[in-house]
Amino acid sequence: MTPQELSICREIHAGLTSNERGNINYLFLSPVDTTHFPDYPVIIKRPMDLQTLKEHLENGTYAKKEEFYADAKLIFDNALLFNKGRDSKFVLDLAKSMIKAFDRVRKSAEKKAARLAAAADGGSVGNQKASKEGGKKKKINIKLKKQKSTSSIGELPKAAPSDSTGAGDVSTKNDSKPTKKVKTKLKLKLSTGSSDAKKGASKVKVKSSTPKSDSAAEKVEVVPMNSFRRAQCVKIIASLKRRQPGACKWFHKPVSDPAIVQDYKEKISNPMDLSMVSSKLDKNQYSALGDFVQDLRLIAANCLQYNTSPGGDSFRPVAMEFLTTAEDLCRLFIAKHEAPTIVYPTLLYCWVDCIKAVDELINMTNPEDGLQTAWYFLHPVTYFCGGQYPEGYLEKVKRPIDLGTIVQQLMAGHYNSVGAFVADCRRIVENCRAFYAGDEEGASLCEKANRLHGSMEKNLDPLIDFDQSDKGAKAKERAAPKYIVIKRPEKDFLKNIMRELRAAKYTDKSTRLTENATLHFEKPVDTAIFTDYLKFVETPMDLETVDSKIESGSYVTPEDFEYDISLIFKNCLDYNGPKKNIHMVTLGKHTAKIFRKLFAEKLRGGSVAKRLSLPTAANRVAPATLGGKVGGKKRPASPVPEERPSKRVSIKGPLRTASKAVSTSSSGKSAPKSKPGKKIAKSPTKITPTDPSVPIPMHVAIASIKESYPGRRQNKDLEGWEADCLKFLRQLMKHPWVSAERPKYIFHVPVFSVFPEIRDIYAQKVETPMDLTTAEAKLLSGVYPDAEVFISDIALVFSNAITFNKEGHDVGEPMSCAYYEASTHLLKYIRWLSLELIESSLIDCSDSPVVESGSASSWKLTIRNREMARKEMESTVFNELLDKTEPGDKFSWSEQECEKLLKSLRHTSDNKRMGFFVQMNFPPDYTAFISKPIAWEKCQEKLQQRRYNNIGETVADLRLIFSNALKYNEGARHVSKISGIAYDSAIHMSRKLESAIDKMLLSFGDRIGRERIDMITSHREMEATERAEEEQRKQEWEKENPGSTVEVKTKLRIVHQRSSHRKKMTDFEFPFYDEQDNQVETQADSLQHAKALYEKQREARANMQEIALSIGISVFKRHQESAAAKAWAYQMAYKAHTKRISIEKERAEAKKEARADEAPGKPMGAFVSLALNDNKRKKIKMSMSIQKTKKIRRSKVVGF
């Protein structure tokens, strides 16, 4: 594989593994774990992933790039083959997305390699011609005189064919100025040597009296990136940000302004910014050194391509200034060290003049409407045509070009001559005329192209003249690579920075301990102790090495010194970050931040103790007429905070004499008292664990405890009850109050090692000290005979804290109260946790004491104790009122716990089993057996509507789902197969629910206890603050009124009293049944009452909402009925109207018929004969019949 193909493959791999595609490439970065997919080797005969692909590429496995392409596609083809027909559609989508990404990255890498190859191999054609003629040396003077050209502006003169790389280009000038004459003299010297004659070739040397317009193409070599070159690139970024803060601040981050971000993505195909460049450097994504330079140029090129507002866009000078400084720094830090090898293409010597010529074209406006003339020539044709070329465009236009592409190629160093640049500019007009020739619709575009052509004549012709003149030749000489001079930093200057850096302090936020910030970075890391250090760190560095390099004068620039110091802290983060050593990571970040501020301030000539002024209108680089943000949001420099003495926290025990603060900057000696107005210089001293009067950092104390147990085993070597105990300890160390990363209370090391001032008092009160690190070390060393002894030691840690802080808690001392209450809660929590996790060591012993509730100092690992602990957790958790939110809002943390219970039953592996219990679809006879039917969706609906008052109701409904299923299918499970499956599924899901409830009980119960204690602590702190303010007001009053005193009422305890109202005595009431005067309720009861009151208010609001809804519905119905009545009335009126019209029509027709009958016509006999002759008439049947008459009887009329 050639170096060019290797570079293409590396760039493709870097593009596929970049963070930009982190949301789609994460499944393909490493090999498939066959333990989770045992059938993967059966289906996939040749597995492949991006990690293996990289290894094969670097090991030289691929002979050509096509083999690399095949393996890259194999990764995603395997994913499609394996997941086809499985329930993993998202994997198929990711694989398809990666295939598309591979095609895009491959095309981009191949185009980039082609451009670099053209820039490296291109040159002027025809410099040498073979000649078979031989003879003597002759000099021939030829005088050429150019004729005047009479071509008009509307005609475009023919130019020599040219491409963007400058190969085969001949610098030409459009002879459209009839008054200008240019004379050119050429001297041709023909010489033939004997050696040339033998080879049968002759050389022709051409000398011109004017400088050459075409510069020889540079041969750019692809230099791979290594650690030294990467360091030089980092120095360039740092120096660029410091020397051009006004220009660089626009390019720190990607474009994020929502007003322009969509338009920016459509116009700029390859966005770039300084943060992306730094990220690619840190992740070693640059395979070649030239790629880094091209990315820096791309930042400026994107800015110039996008910001094209007419009238002088304010961002264009910013990009020019940025690129000028970047080019100077690249020559100093890269080209100087790589000379004579050329590692990146050189910019055209007059690139600034070329940009000015483009600016003139951009600033042109139409005389008729004032709009930008070059608008349709700023971006590719596809931008204006929906991403595609118009029909037939590529047939008429062989090489599309636009001003934006020209600027990109100019900034990338693709133009080797002015003629190539000018030819591309003129090609824009040629392309427009070629496509719209004879088209009336394109007449307006051709008119704009003609205006651009006229401007090109005025601006580009002088550029050609300048290139061919003596001034141009001198400009080329001046543009030859020259290196800027950066003043070498003085030794005293660097030593002063080192001195102030070593004086920096670091105070741990959790332990409140102060130590020297650079103590751990003084000497080289001992690789004999940290054997894996060199696996994480490529170039070790320390402060002693920096001191030696300062003495030897190795630092030529300030950037060299800055890089070495920053490398110390970067190595710290690289090594301690994966190991999750939070203390060292925080310390490294803190010290690195101090150095950056110190170094920047020293370079500006100030003092770090002074506060920096905020940016003003004088020093802020923010043009008023901005066309849009190019580098993300503007972030002004933050002021440097003043150095303040670190706070020292002292433990106040029961005795006030033992609460003296010990300064961490002294070595066991009391600090001398300073007189007013004098300052005592503090000298940093090294903290050593052997000094009993100096607090030891927690990580040092933990390390010393572990070293005292050399026989510790690995965690994976523990088995049985020891493994359960280690699991219990790991779960305890995740508690928010005890977490080793940010502990709120210190139980990890002996108390007197962190607070040495209470050593004697602690020894008097606590007989057997114990801490969590010692218990863990003893467990790993195999000291404990059984789990019960280990649990006793863990309980002893918190029992000791309760014993020591009891007296301080009784008198209301804040620190003692906090530790006392926290230890009480943690003692109850570890009892719950131990009885749940150390299940293998539980015994059934009825004689052992039973702990029903509360914080016991010791307990036995028995089944009875576990049952009592379970009852205590259920009573605590199930009766706790939920912190309800409004429907549609985000769940509170207590509602989220209920949601977790619901989601625990809907795992994808349980879809078949849960199919019976999700919806309210029951058999017809279900209600005959089950009085309260319920399903999972019903529980979810009630939770969404906030109808659960506590978590106990949620658990009861979920348990009822499976108990109903067991009850209904108990009898039919032996007869019906479906009932048997439903019965087994109910048993399985019921066990899973109980397991989820067990986990929830521990976390929920612990959080309830923590919240109650935190609330009590916050109230105590508020009361202490009020007392301090009251005391301050008292002192101020006494100052204003000397000799007078004022009484200050202080509260010693926080109590909430509810006022009791006595009823009047009646004849049937007994006085001893009356209420008490003082009813003091605890904080928990107050919280419970507040929640109950809130629930009543919520119910009232819900009732009001229902009433308002019913009223609204009734009003709506009335309106609806009214509208229906109006519609009916209109319908009836319409029917009556139509009926009346039809009646009138019938009457009119009847009158018309009557008039027709009155008119003379045929006689009646004629009509009768016609009817008789009709064949379709019905025949008349006649029959004779005799009609019988009934006799009518007449009754006699009787008169009265």
# chains A, B, ... in the order shown; residues from 1 in each chain; ligands from 1
>>> residues_around(residues="region 822-827 of chain A", least_positions_apart="3", cutoff="8 Å", atoms="only C-alpha atoms", output="list in words")
Ala795, Phe798, Ser799, Ala801, Ile802, Ala818, Tyr819, Ile830, Arg831, Ser855, Ala856, Ser857, Gly1009, Arg1010 and Ile1013 of chain A
>>> write_last_selection(atoms="all heavy atoms", output="compact mmCIF listing (two decimals), in the first residue's frame")
# COMPACT_ATOMS: atom_id res chain seq x y z
N ALA A 795 -20.61 -1.59 62.34
CA ALA A 795 -21.51 -0.87 63.23
C ALA A 795 -20.75 -0.07 64.27
O ALA A 795 -21.20 0.99 64.73
CB ALA A 795 -22.46 -1.86 63.90
N PHE A 798 -19.95 3.72 63.41
CA PHE A 798 -20.98 4.73 63.64
C PHE A 798 -21.37 4.81 65.11
O PHE A 798 -21.78 5.88 65.58
CB PHE A 798 -22.19 4.40 62.77
CG PHE A 798 -21.83 4.25 61.31
CD1 PHE A 798 -21.74 3.00 60.71
CD2 PHE A 798 -21.56 5.36 60.53
CE1 PHE A 798 -21.41 2.86 59.39
CE2 PHE A 798 -21.22 5.23 59.19
CZ PHE A 798 -21.13 3.98 58.62
N SER A 799 -21.25 3.69 65.84
CA SER A 799 -21.51 3.75 67.28
C SER A 799 -20.50 4.64 67.97
O SER A 799 -20.84 5.39 68.91
CB SER A 799 -21.47 2.33 67.86
OG SER A 799 -22.44 1.51 67.27
N ALA A 801 -19.02 7.22 66.67
CA ALA A 801 -19.38 8.61 66.35
C ALA A 801 -20.52 9.09 67.23
O ALA A 801 -20.54 10.24 67.69
CB ALA A 801 -19.75 8.73 64.88
N ILE A 802 -21.50 8.21 67.49
CA ILE A 802 -22.62 8.59 68.37
C ILE A 802 -22.12 8.82 69.79
O ILE A 802 -22.51 9.79 70.47
CB ILE A 802 -23.70 7.50 68.33
CG1 ILE A 802 -24.32 7.43 66.93
CG2 ILE A 802 -24.78 7.74 69.38
CD1 ILE A 802 -25.29 6.29 66.74
N ALA A 818 -24.63 17.30 63.72
CA ALA A 818 -24.64 16.74 62.37
C ALA A 818 -24.11 15.31 62.35
O ALA A 818 -24.72 14.41 61.76
CB ALA A 818 -23.83 17.63 61.43
N TYR A 819 -22.96 15.07 63.00
CA TYR A 819 -22.40 13.73 63.02
C TYR A 819 -23.25 12.77 63.82
O TYR A 819 -23.38 11.58 63.47
CB TYR A 819 -20.97 13.78 63.58
CG TYR A 819 -19.92 13.93 62.52
CD1 TYR A 819 -19.48 15.18 62.09
CD2 TYR A 819 -19.36 12.82 61.90
CE1 TYR A 819 -18.53 15.32 61.11
CE2 TYR A 819 -18.39 12.95 60.92
CZ TYR A 819 -17.98 14.20 60.52
OH TYR A 819 -17.05 14.34 59.55
N ILE A 830 -27.34 0.50 57.74
CA ILE A 830 -26.47 -0.67 57.55
C ILE A 830 -27.11 -1.92 58.13
O ILE A 830 -26.81 -3.04 57.67
CB ILE A 830 -25.07 -0.42 58.14
CG1 ILE A 830 -25.13 -0.23 59.65
CG2 ILE A 830 -24.40 0.75 57.47
CD1 ILE A 830 -23.77 -0.19 60.30
N ARG A 831 -27.98 -1.76 59.14
CA ARG A 831 -28.70 -2.94 59.64
C ARG A 831 -29.64 -3.47 58.56
O ARG A 831 -29.69 -4.68 58.30
CB ARG A 831 -29.46 -2.59 60.92
CG ARG A 831 -30.29 -3.75 61.48
CD ARG A 831 -30.79 -3.44 62.87
NE ARG A 831 -31.61 -2.25 62.89
CZ ARG A 831 -32.94 -2.24 62.63
NH1 ARG A 831 -33.54 -3.37 62.31
NH2 ARG A 831 -33.62 -1.12 62.68
N SER A 855 -32.00 2.55 65.88
CA SER A 855 -30.57 2.42 65.59
C SER A 855 -29.91 1.62 66.71
O SER A 855 -29.55 2.16 67.76
CB SER A 855 -29.92 3.80 65.47
OG SER A 855 -30.58 4.56 64.49
N ALA A 856 -29.76 0.33 66.47
CA ALA A 856 -29.11 -0.53 67.46
C ALA A 856 -27.62 -0.59 67.20
O ALA A 856 -27.18 -0.57 66.05
CB ALA A 856 -29.72 -1.93 67.41
N SER A 857 -26.84 -0.64 68.26
CA SER A 857 -25.38 -0.69 68.12
C SER A 857 -24.89 -2.05 67.66
O SER A 857 -23.78 -2.17 67.16
CB SER A 857 -24.71 -0.31 69.44
OG SER A 857 -25.12 -1.19 70.47
N GLY A 1009 -35.02 9.11 55.42
CA GLY A 1009 -34.23 9.47 56.62
C GLY A 1009 -33.26 10.59 56.35
O GLY A 1009 -33.09 11.50 57.17
N ARG A 1010 -32.60 10.55 55.18
CA ARG A 1010 -31.64 11.62 54.86
C ARG A 1010 -32.32 12.97 54.72
O ARG A 1010 -31.81 13.99 55.16
CB ARG A 1010 -30.90 11.26 53.58
CG ARG A 1010 -29.83 10.21 53.76
CD ARG A 1010 -28.94 10.09 52.54
NE ARG A 1010 -29.58 9.42 51.44
CZ ARG A 1010 -29.89 9.98 50.29
NH1 ARG A 1010 -29.63 11.26 50.11
NH2 ARG A 1010 -30.46 9.30 49.32
N ILE A 1013 -33.16 14.42 58.15
CA ILE A 1013 -31.98 14.92 58.85
C ILE A 1013 -31.46 16.19 58.18
O ILE A 1013 -31.05 17.14 58.85
CB ILE A 1013 -30.90 13.83 58.91
CG1 ILE A 1013 -31.37 12.69 59.82
CG2 ILE A 1013 -29.58 14.38 59.41
CD1 ILE A 1013 -30.47 11.49 59.84
>>> select_by_dssp(residues="region 29-63 of chain A", states="helix (DSSP H, G or I)", output="PyMOL selection string")
chain A and resi 40-43+50-58
>>> write_last_selection(atoms="N, CA and C atoms", output="PDB file, in the first residue's frame")
ATOM      1  N   TYR A  40     -23.351 -15.956  17.545  1.00  0.00           N
ATOM      2  CA  TYR A  40     -22.732 -15.013  16.603  1.00  0.00           C
ATOM      3  C   TYR A  40     -21.670 -15.702  15.732  1.00  0.00           C
ATOM      4  N   PRO A  41     -20.746 -16.529  16.290  1.00  0.00           N
ATOM      5  CA  PRO A  41     -19.743 -17.178  15.420  1.00  0.00           C
ATOM      6  C   PRO A  41     -20.359 -18.157  14.432  1.00  0.00           C
ATOM      7  N   VAL A  42     -21.557 -18.677  14.744  1.00  0.00           N
ATOM      8  CA  VAL A  42     -22.194 -19.624  13.823  1.00  0.00           C
ATOM      9  C   VAL A  42     -22.699 -18.897  12.584  1.00  0.00           C
ATOM     10  N   ILE A  43     -23.269 -17.695  12.792  1.00  0.00           N
ATOM     11  CA  ILE A  43     -23.854 -16.945  11.670  1.00  0.00           C
ATOM     12  C   ILE A  43     -22.782 -16.149  10.924  1.00  0.00           C
ATOM     13  N   LEU A  50     -14.092  -1.966  14.142  1.00  0.00           N
ATOM     14  CA  LEU A  50     -13.222  -0.827  13.833  1.00  0.00           C
ATOM     15  C   LEU A  50     -11.882  -0.936  14.548  1.00  0.00           C
ATOM     16  N   GLN A  51     -11.854  -1.546  15.723  1.00  0.00           N
ATOM     17  CA  GLN A  51     -10.585  -1.713  16.433  1.00  0.00           C
ATOM     18  C   GLN A  51      -9.685  -2.702  15.693  1.00  0.00           C
ATOM     19  N   THR A  52     -10.240  -3.836  15.299  1.00  0.00           N
ATOM     20  CA  THR A  52      -9.464  -4.825  14.535  1.00  0.00           C
ATOM     21  C   THR A  52      -9.052  -4.249  13.181  1.00  0.00           C
ATOM     22  N   LEU A  53      -9.923  -3.457  12.587  1.00  0.00           N
ATOM     23  CA  LEU A  53      -9.597  -2.831  11.305  1.00  0.00           C
ATOM     24  C   LEU A  53      -8.379  -1.928  11.432  1.00  0.00           C
ATOM     25  N   LYS A  54      -8.315  -1.165  12.529  1.00  0.00           N
ATOM     26  CA  LYS A  54      -7.160  -0.287  12.764  1.00  0.00           C
ATOM     27  C   LYS A  54      -5.885  -1.101  12.969  1.00  0.00           C
ATOM     28  N   GLU A  55      -5.969  -2.179  13.717  1.00  0.00           N
ATOM     29  CA  GLU A  55      -4.795  -3.024  13.953  1.00  0.00           C
ATOM     30  C   GLU A  55      -4.278  -3.616  12.642  1.00  0.00           C
ATOM     31  N   HIS A  56      -5.164  -4.117  11.807  1.00  0.00           N
ATOM     32  CA  HIS A  56      -4.742  -4.677  10.518  1.00  0.00           C
ATOM     33  C   HIS A  56      -4.099  -3.612   9.643  1.00  0.00           C
ATOM     34  N   LEU A  57      -4.634  -2.408   9.693  1.00  0.00           N
ATOM     35  CA  LEU A  57      -4.089  -1.324   8.868  1.00  0.00           C
ATOM     36  C   LEU A  57      -2.682  -0.960   9.310  1.00  0.00           C
ATOM     37  N   GLU A  58      -2.471  -0.828  10.619  1.00  0.00           N
ATOM     38  CA  GLU A  58      -1.155  -0.442  11.116  1.00  0.00           C
ATOM     39  C   GLU A  58      -0.143  -1.571  10.999  1.00  0.00           C
TER      40      GLU A  58
END
>>> residues_around(residues="region 342-356 of chain A", least_positions_apart="3", cutoff="7 Å", atoms="only C-alpha atoms", output="PyMOL selection string")
chain A and resi 219-223+289-290+339+359-360+411+413+415-417+476+479
>>> residues_around(residues="Gly392 (chain A)", least_positions_apart="5", cutoff="12 Å", atoms="only C-alpha atoms", output="PyMOL selection string")
chain A and resi 397-398+434-436
>>> residues_around(residues="Leu452 (chain A)", least_positions_apart="2", cutoff="12 Å", atoms="only C-alpha atoms", output="PyMOL selection string")
chain A and resi 153-154+156+357-366+372-378+403+425-430+432+445-450+454-460
>>> select_by_dssp(residues="region 758-983 of chain A", states="strand (DSSP E or B)", output="PyMOL selection string")
chain A and resi 843+862+881+950
>>> atom_distance(atom1="CA of Val877 (chain A)", atom2="CA of Asp1006 (chain A)")
9.4 Å
>>> atom_distance(atom1="CA of His1119 (chain A)", atom2="CA of Gln1105 (chain A)")
20.8 Å
>>> residues_around(residues="region 893-903 of chain A", least_positions_apart="2", cutoff="8 Å", atoms="only C-alpha atoms", output="ChimeraX atom specification")
/A:882-884,891,905-907,936,940,943,951,954,993,996-997,1000,1004
>>> residues_around(residues="Pro923 (chain A)", least_positions_apart="3", cutoff="12 Å", atoms="only C-alpha atoms", output="list in words")
Phe916, Met920, Tyr926, Thr927, Ala928, Phe929, Ile930, Pro933, Ala965, Tyr968, Asn969 and Ser979 of chain A
>>> write_last_selection(atoms="N, CA, C and O atoms", output="PDB file, in the first residue's frame")
ATOM      1  N   PHE A 916     -50.360 -11.056  29.684  1.00  0.00           N
ATOM      2  CA  PHE A 916     -51.630 -11.363  30.345  1.00  0.00           C
ATOM      3  C   PHE A 916     -52.082 -10.246  31.275  1.00  0.00           C
ATOM      4  O   PHE A 916     -53.259 -10.202  31.654  1.00  0.00           O
ATOM      5  N   MET A 920     -56.709  -4.220  30.326  1.00  0.00           N
ATOM      6  CA  MET A 920     -57.911  -4.622  31.064  1.00  0.00           C
ATOM      7  C   MET A 920     -58.815  -5.481  30.179  1.00  0.00           C
ATOM      8  O   MET A 920     -60.011  -5.208  30.021  1.00  0.00           O
ATOM      9  N   TYR A 926     -64.739 -13.335  34.615  1.00  0.00           N
ATOM     10  CA  TYR A 926     -63.641 -12.907  35.504  1.00  0.00           C
ATOM     11  C   TYR A 926     -64.172 -12.227  36.755  1.00  0.00           C
ATOM     12  O   TYR A 926     -63.676 -12.453  37.862  1.00  0.00           O
ATOM     13  N   THR A 927     -65.192 -11.384  36.585  1.00  0.00           N
ATOM     14  CA  THR A 927     -65.721 -10.651  37.750  1.00  0.00           C
ATOM     15  C   THR A 927     -66.455 -11.561  38.727  1.00  0.00           C
ATOM     16  O   THR A 927     -66.702 -11.162  39.870  1.00  0.00           O
ATOM     17  N   ALA A 928     -66.809 -12.771  38.307  1.00  0.00           N
ATOM     18  CA  ALA A 928     -67.449 -13.702  39.243  1.00  0.00           C
ATOM     19  C   ALA A 928     -66.457 -14.229  40.267  1.00  0.00           C
ATOM     20  O   ALA A 928     -66.848 -14.611  41.386  1.00  0.00           O
ATOM     21  N   PHE A 929     -65.173 -14.250  39.904  1.00  0.00           N
ATOM     22  CA  PHE A 929     -64.147 -14.735  40.824  1.00  0.00           C
ATOM     23  C   PHE A 929     -63.368 -13.582  41.471  1.00  0.00           C
ATOM     24  O   PHE A 929     -62.880 -13.719  42.592  1.00  0.00           O
ATOM     25  N   ILE A 930     -63.217 -12.479  40.742  1.00  0.00           N
ATOM     26  CA  ILE A 930     -62.364 -11.368  41.189  1.00  0.00           C
ATOM     27  C   ILE A 930     -63.246 -10.154  41.457  1.00  0.00           C
ATOM     28  O   ILE A 930     -63.983  -9.697  40.570  1.00  0.00           O
ATOM     29  N   PRO A 933     -60.922  -6.086  39.677  1.00  0.00           N
ATOM     30  CA  PRO A 933     -60.007  -6.310  38.539  1.00  0.00           C
ATOM     31  C   PRO A 933     -59.070  -5.113  38.357  1.00  0.00           C
ATOM     32  O   PRO A 933     -59.463  -3.962  38.542  1.00  0.00           O
ATOM     33  N   ALA A 965     -54.573 -12.980  39.257  1.00  0.00           N
ATOM     34  CA  ALA A 965     -54.288 -13.999  38.232  1.00  0.00           C
ATOM     35  C   ALA A 965     -54.122 -15.377  38.867  1.00  0.00           C
ATOM     36  O   ALA A 965     -54.616 -16.381  38.328  1.00  0.00           O
ATOM     37  N   TYR A 968     -57.690 -16.620  39.933  1.00  0.00           N
ATOM     38  CA  TYR A 968     -58.582 -16.988  38.837  1.00  0.00           C
ATOM     39  C   TYR A 968     -58.118 -18.254  38.130  1.00  0.00           C
ATOM     40  O   TYR A 968     -58.953 -19.084  37.725  1.00  0.00           O
ATOM     41  N   ASN A 969     -56.807 -18.437  37.964  1.00  0.00           N
ATOM     42  CA  ASN A 969     -56.292 -19.574  37.191  1.00  0.00           C
ATOM     43  C   ASN A 969     -55.909 -20.767  38.047  1.00  0.00           C
ATOM     44  O   ASN A 969     -55.359 -21.736  37.519  1.00  0.00           O
ATOM     45  N   SER A 979     -54.390 -21.097  30.785  1.00  0.00           N
ATOM     46  CA  SER A 979     -54.468 -20.795  32.216  1.00  0.00           C
ATOM     47  C   SER A 979     -53.196 -21.226  32.934  1.00  0.00           C
ATOM     48  O   SER A 979     -52.715 -20.539  33.853  1.00  0.00           O
TER      49      SER A 979
END
>>> closest_residue(among="A:Glu1011, A:Glu601, A:Glu327, A:Glu440", to="Val293 (chain A)", atoms="only C-alpha atoms")
A:Glu327
